[in-house]
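Beneath this line is the structure, given in C-alpha cells, with notes to follow.
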Amino acid sequence: MENFSLILAIVVITALAFDFTNGFHDTANAMATTISTGALKPKIAVAMSAALNLVGAFLSVEVANTISKGLVDENGIRPEVIFAALVGAILWNLVTWLVGLPSSSSHALMGGLIGATVASAGFGAVHGDVLVTKVLLPAVAAPVVAGLAAALSTRLSYTLSKNAEEEATRKGYRAGQIASAGLVSLAHGTNDAQKTMGIITLALIAGGAIAPGSNPPTWVILSAGLAIALGTYIGGWRIIRTMGTGLTDLQPQQGFAAQTSAATAILASSHLGFSLSTTHVVSGSVMGAGLGRKGGTVRWSTATRMMVAWVLTLPAAALVGALAESVTDLGDWGTAVVAVFLVASSATIWKLSRREVVDSSNVVAEEPAGVVTTAIAAVTPPPAGPATVTGQVMDDLTATIPSPSPAPAATATDPAATV
C-alpha cells in the first residue's frame, strides 16, 4: 500500500467515524424493544449488541461488495469524492439522532455517495439498475414484509399462549426476546458494518492502494467491526426511546415477534447482497407488532415523522455530499474547509444534545400519545364483557390510550361507569 496518501488516511478515519455514528444511531434497531419490555437492563443490552455486531461483521462481505463494486463506477472516483459522501452521511446521522428519529444510516451513506459522485463525474457514474434493485426496492418492500410478518407472529403468539399462565408466558417470551435481540444485532453486523467496509474499500481503490475489484482487506473488516461495536456500546438512547416507547407499547410477545421478523429479513438481505436499511425493517416490524395485538395501537404522529425522515434521507444526504464535493474540488484548502465544517457541526450538535440529556436512566420514559391515536381513542368505546369490563379489556384500553396523567372521572355515558 505504497499509495496510501494523506487524503486516503483522512477518508479512512472519516469512514470509521461514520461507522461509529452508525453504531449508536442504530443500537435501537436491536435493543429498543428488549429494553422497553424490561427483558434486559439498558447497559447490558447495548453491551450484548456491541459484541454481536462485531461478530456479525466477519460473517459476510456481500453488502460491502455492493457498495465498493456495484453502486457507482469505481474508475475515476477520487478519494475526495468518498470524503464528501461521508460528510453528508455523518451530518444526517447526527441531526436525526439529535431529534430522536430512527432514520436510515445506510440510505444516508448511499445518498452522500450518489450526490458526491454525480457532482464529480455526472449521473452516468451511478449504476441506476443497482440503485433500484438493491437499494430502493428493498427500502420499500422490507419494512412492509417485516411489518406483516410481525403482525401475524404477534397474533399467533397470543393465540398459542392465551391459556397459559401469564407470568410464565412473560418470562418465556422475555427469554425469547433476548435471543431474538441477539440475532438482530448479529444481522446488523452482517449488513451495516459492511457498508463502511465497502466505502473504505472503494476509497482504497480510488486512491490506488488496492487493485480494482478487490474484496475488503482483513484490517478493513476488523476496524469497521470495532468502530460500529464501539458506537453501539455508547448507546443511541434518544432513538432507543423513540423506537421502544414512542411508536407503540410493546409486551414481551410483541417484542419477540418484532425482533424475530426483523432479524429474518435482515439476514436474508445480507445473503443476497441487498443494502437494506435495518432501521426501516425494525421500525416496520415494531409497528406490525403493535397492530398485531388486540387493542394495540401505533402512535401515528411519531410514525409519520419517521417516514418523512426516511423519504428525505437520500436526497438530503445527497445534497450535502454534492455541496461538499464542490468545495473539495477546489483543492486541498477546500478539503480542509469541509473537514473543519464537519468537526464544527458535529461539536455543535453534541452541545445541543446536552440541553436535554437522554441516557440509560431515563430511556424508557413514556412519550404522550400522538394526535391521531388520541382522536381514535376518543371516539372508539372500549370493548366490554357481558356484564363487566374484564382485566384484559382494561389492559387493552391502557395500551390504546397511554398517558401518565390521571384518568378523568367516569360520566354517565362512560362504559366504565356501569362497572
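Just so we're on the same page: first chain in the C-alpha cells is A, next is B, and so on; residues restart at 1 for each chain, and ligands are numbered from 1 in the order they show up.
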
Residue contacts of region 217-232 of chain A (7 Å, only C-alpha atoms) excluding same-chain residues fewer than 6 positions away, as an MDAnalysis selection string: chainID A and resid 16 19:24 27 46 49:51 53:54 57:58 193 196:197

Residue neighbourhood region 137-146 of chain A, 7 Å, only C-alpha atoms, exclusion window fewer than 3 positions, as a ChimeraX atom specification: /A:132-134,149-150,261-262,265,276-277,280-281,284-285

Contact residues around Ala347 (chain A) with only C-alpha atoms at 12 Å, ignoring same-chain residues under 6 positions, as a list of chain:residue names: A:Leu91, A:Leu94, A:Val95, A:Leu98, A:Val340, A:Phe341, A:Ser353, A:Arg354

I need the residues from that last selection saved to file as a compact mmCIF listing (two decimals), in the first residue's frame (with N, CA, C and O atoms), if you can.
```txt
# COMPACT_ATOMS: atom_id res chain seq x y z
N LEU A 91 -23.43 13.96 8.93
CA LEU A 91 -24.26 15.08 9.40
C LEU A 91 -25.73 14.68 9.46
O LEU A 91 -26.44 15.06 10.41
N LEU A 94 -26.24 12.56 12.59
CA LEU A 94 -26.19 13.32 13.84
C LEU A 94 -27.44 14.17 14.03
O LEU A 94 -27.97 14.29 15.14
N VAL A 95 -27.93 14.78 12.95
CA VAL A 95 -29.15 15.61 13.05
C VAL A 95 -30.34 14.76 13.46
O VAL A 95 -31.13 15.13 14.35
N LEU A 98 -30.12 13.71 17.05
CA LEU A 98 -30.43 14.80 17.97
C LEU A 98 -31.92 14.90 18.23
O LEU A 98 -32.35 15.13 19.37
N VAL A 340 -13.13 21.04 8.54
CA VAL A 340 -13.39 21.93 9.67
C VAL A 340 -14.89 22.10 9.88
O VAL A 340 -15.38 22.09 11.02
N PHE A 341 -15.63 22.22 8.78
CA PHE A 341 -17.09 22.36 8.87
C PHE A 341 -17.71 21.12 9.51
O PHE A 341 -18.62 21.23 10.35
N SER A 353 -27.34 18.62 22.17
CA SER A 353 -27.92 17.42 22.79
C SER A 353 -27.81 17.45 24.31
O SER A 353 -28.57 16.76 25.00
N ARG A 354 -26.89 18.25 24.84
CA ARG A 354 -26.71 18.31 26.30
C ARG A 354 -27.81 19.11 26.98
O ARG A 354 -27.91 19.10 28.21
```

DSSP-assigned alpha helix (DSSP H) members of region 76-270 of chain A, reported as a PyMOL selection string: chain A and resi 79-98+105-121+128-131+137-161+166-206+218-234+237-241+252-270

Arg238 (chain A) surroundings by only C-alpha atoms, 7 Å radius, close-in-sequence under 3 positions cut, as a PyMOL selection string: chain A and resi 97+100+241-242+358

Any chance you could export the current selection's all heavy atoms as a PDB file, in the first residue's frame?
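part33.pdb was written with the following content:
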```
ATOM      1  N   TRP A  97     -30.276  11.863  14.958  1.00  0.00           N
ATOM      2  CA  TRP A  97     -30.058  11.385  16.325  1.00  0.00           C
ATOM      3  C   TRP A  97     -30.455  12.461  17.334  1.00  0.00           C
ATOM      4  O   TRP A  97     -31.084  12.163  18.352  1.00  0.00           O
ATOM      5  CB  TRP A  97     -28.591  11.009  16.526  1.00  0.00           C
ATOM      6  CG  TRP A  97     -28.198  10.877  17.964  1.00  0.00           C
ATOM      7  CD1 TRP A  97     -28.464   9.850  18.814  1.00  0.00           C
ATOM      8  CD2 TRP A  97     -27.471  11.847  18.742  1.00  0.00           C
ATOM      9  NE1 TRP A  97     -27.950  10.111  20.073  1.00  0.00           N
ATOM     10  CE2 TRP A  97     -27.346  11.327  20.053  1.00  0.00           C
ATOM     11  CE3 TRP A  97     -26.917  13.094  18.457  1.00  0.00           C
ATOM     12  CZ2 TRP A  97     -26.678  12.026  21.061  1.00  0.00           C
ATOM     13  CZ3 TRP A  97     -26.254  13.782  19.464  1.00  0.00           C
ATOM     14  CH2 TRP A  97     -26.148  13.240  20.762  1.00  0.00           C
ATOM     15  N   GLY A 100     -34.032  12.419  17.768  1.00  0.00           N
ATOM     16  CA  GLY A 100     -34.562  11.117  18.162  1.00  0.00           C
ATOM     17  C   GLY A 100     -35.289  10.370  17.064  1.00  0.00           C
ATOM     18  O   GLY A 100     -36.149   9.532  17.361  1.00  0.00           O
ATOM     19  N   ARG A 241     -35.364   5.427  22.836  1.00  0.00           N
ATOM     20  CA  ARG A 241     -36.612   5.866  23.461  1.00  0.00           C
ATOM     21  C   ARG A 241     -37.735   5.934  22.419  1.00  0.00           C
ATOM     22  O   ARG A 241     -38.844   5.446  22.647  1.00  0.00           O
ATOM     23  CB  ARG A 241     -36.440   7.235  24.125  1.00  0.00           C
ATOM     24  CG  ARG A 241     -37.759   7.814  24.598  1.00  0.00           C
ATOM     25  CD  ARG A 241     -37.619   9.239  25.101  1.00  0.00           C
ATOM     26  NE  ARG A 241     -37.048   9.275  26.439  1.00  0.00           N
ATOM     27  CZ  ARG A 241     -36.941  10.401  27.164  1.00  0.00           C
ATOM     28  NH1 ARG A 241     -37.351  11.541  26.658  1.00  0.00           N
ATOM     29  NH2 ARG A 241     -36.411  10.367  28.369  1.00  0.00           N
ATOM     30  N   THR A 242     -37.440   6.528  21.259  1.00  0.00           N
ATOM     31  CA  THR A 242     -38.464   6.640  20.215  1.00  0.00           C
ATOM     32  C   THR A 242     -38.924   5.270  19.739  1.00  0.00           C
ATOM     33  O   THR A 242     -40.122   5.009  19.609  1.00  0.00           O
ATOM     34  CB  THR A 242     -37.920   7.443  19.024  1.00  0.00           C
ATOM     35  OG1 THR A 242     -37.565   8.758  19.460  1.00  0.00           O
ATOM     36  CG2 THR A 242     -38.969   7.556  17.921  1.00  0.00           C
ATOM     37  N   VAL A 358     -30.589  12.357  27.402  1.00  0.00           N
ATOM     38  CA  VAL A 358     -31.296  11.080  27.443  1.00  0.00           C
ATOM     39  C   VAL A 358     -30.239   9.995  27.586  1.00  0.00           C
ATOM     40  O   VAL A 358     -29.327   9.897  26.766  1.00  0.00           O
ATOM     41  CB  VAL A 358     -32.132  10.841  26.169  1.00  0.00           C
ATOM     42  CG1 VAL A 358     -32.856   9.498  26.251  1.00  0.00           C
ATOM     43  CG2 VAL A 358     -33.124  11.968  25.946  1.00  0.00           C
TER      44      VAL A 358
END
```

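With only C-alpha atoms taken into account, the protein and nucleic acid residues at most 8 Å from Leu250 (chain A) (excluding it and anything under 3 positions from it in its own chain) are Thr33, Ser36, Thr37, Gly244, Thr245, Gln253, Gln254, Gly255, Ala289 and Gly290 of chain A.
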
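Minimum atom-to-atom distance to Leu330 (chain A), evaluated using only C-alpha atoms, belongs to A:Ser120 out of A:Ser120, A:Ala45, A:Val343, A:Ala15.
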
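When CA of Ser180 (chain A) is paired with CA of Ser105 (chain A), their separation reads 21.9 Å.
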
Between CA of Thr313 (chain A) and CA of Ile13 (chain A) - distance in Å to one decimal: 22.9 Å

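In this structure, CA of Glu325 (chain A) sits 6.5 Å away from CA of Ala119 (chain A).
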
Residues within 12 Å of Pro252 (chain A), only C-alpha atoms, excluding chain neighbours under 5 positions, as a VMD selection string: chain A and resid 33 to 40 154 157 to 158 161 166 to 178 180 to 181 244 257 to 259 286 289 to 290 293

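Each of A:Ala84, A:Leu267, A:Leu101, A:Asp359 was checked against Gly334 (chain A) using only C-alpha atoms; the smallest atom-to-atom distance is that of A:Ala84.
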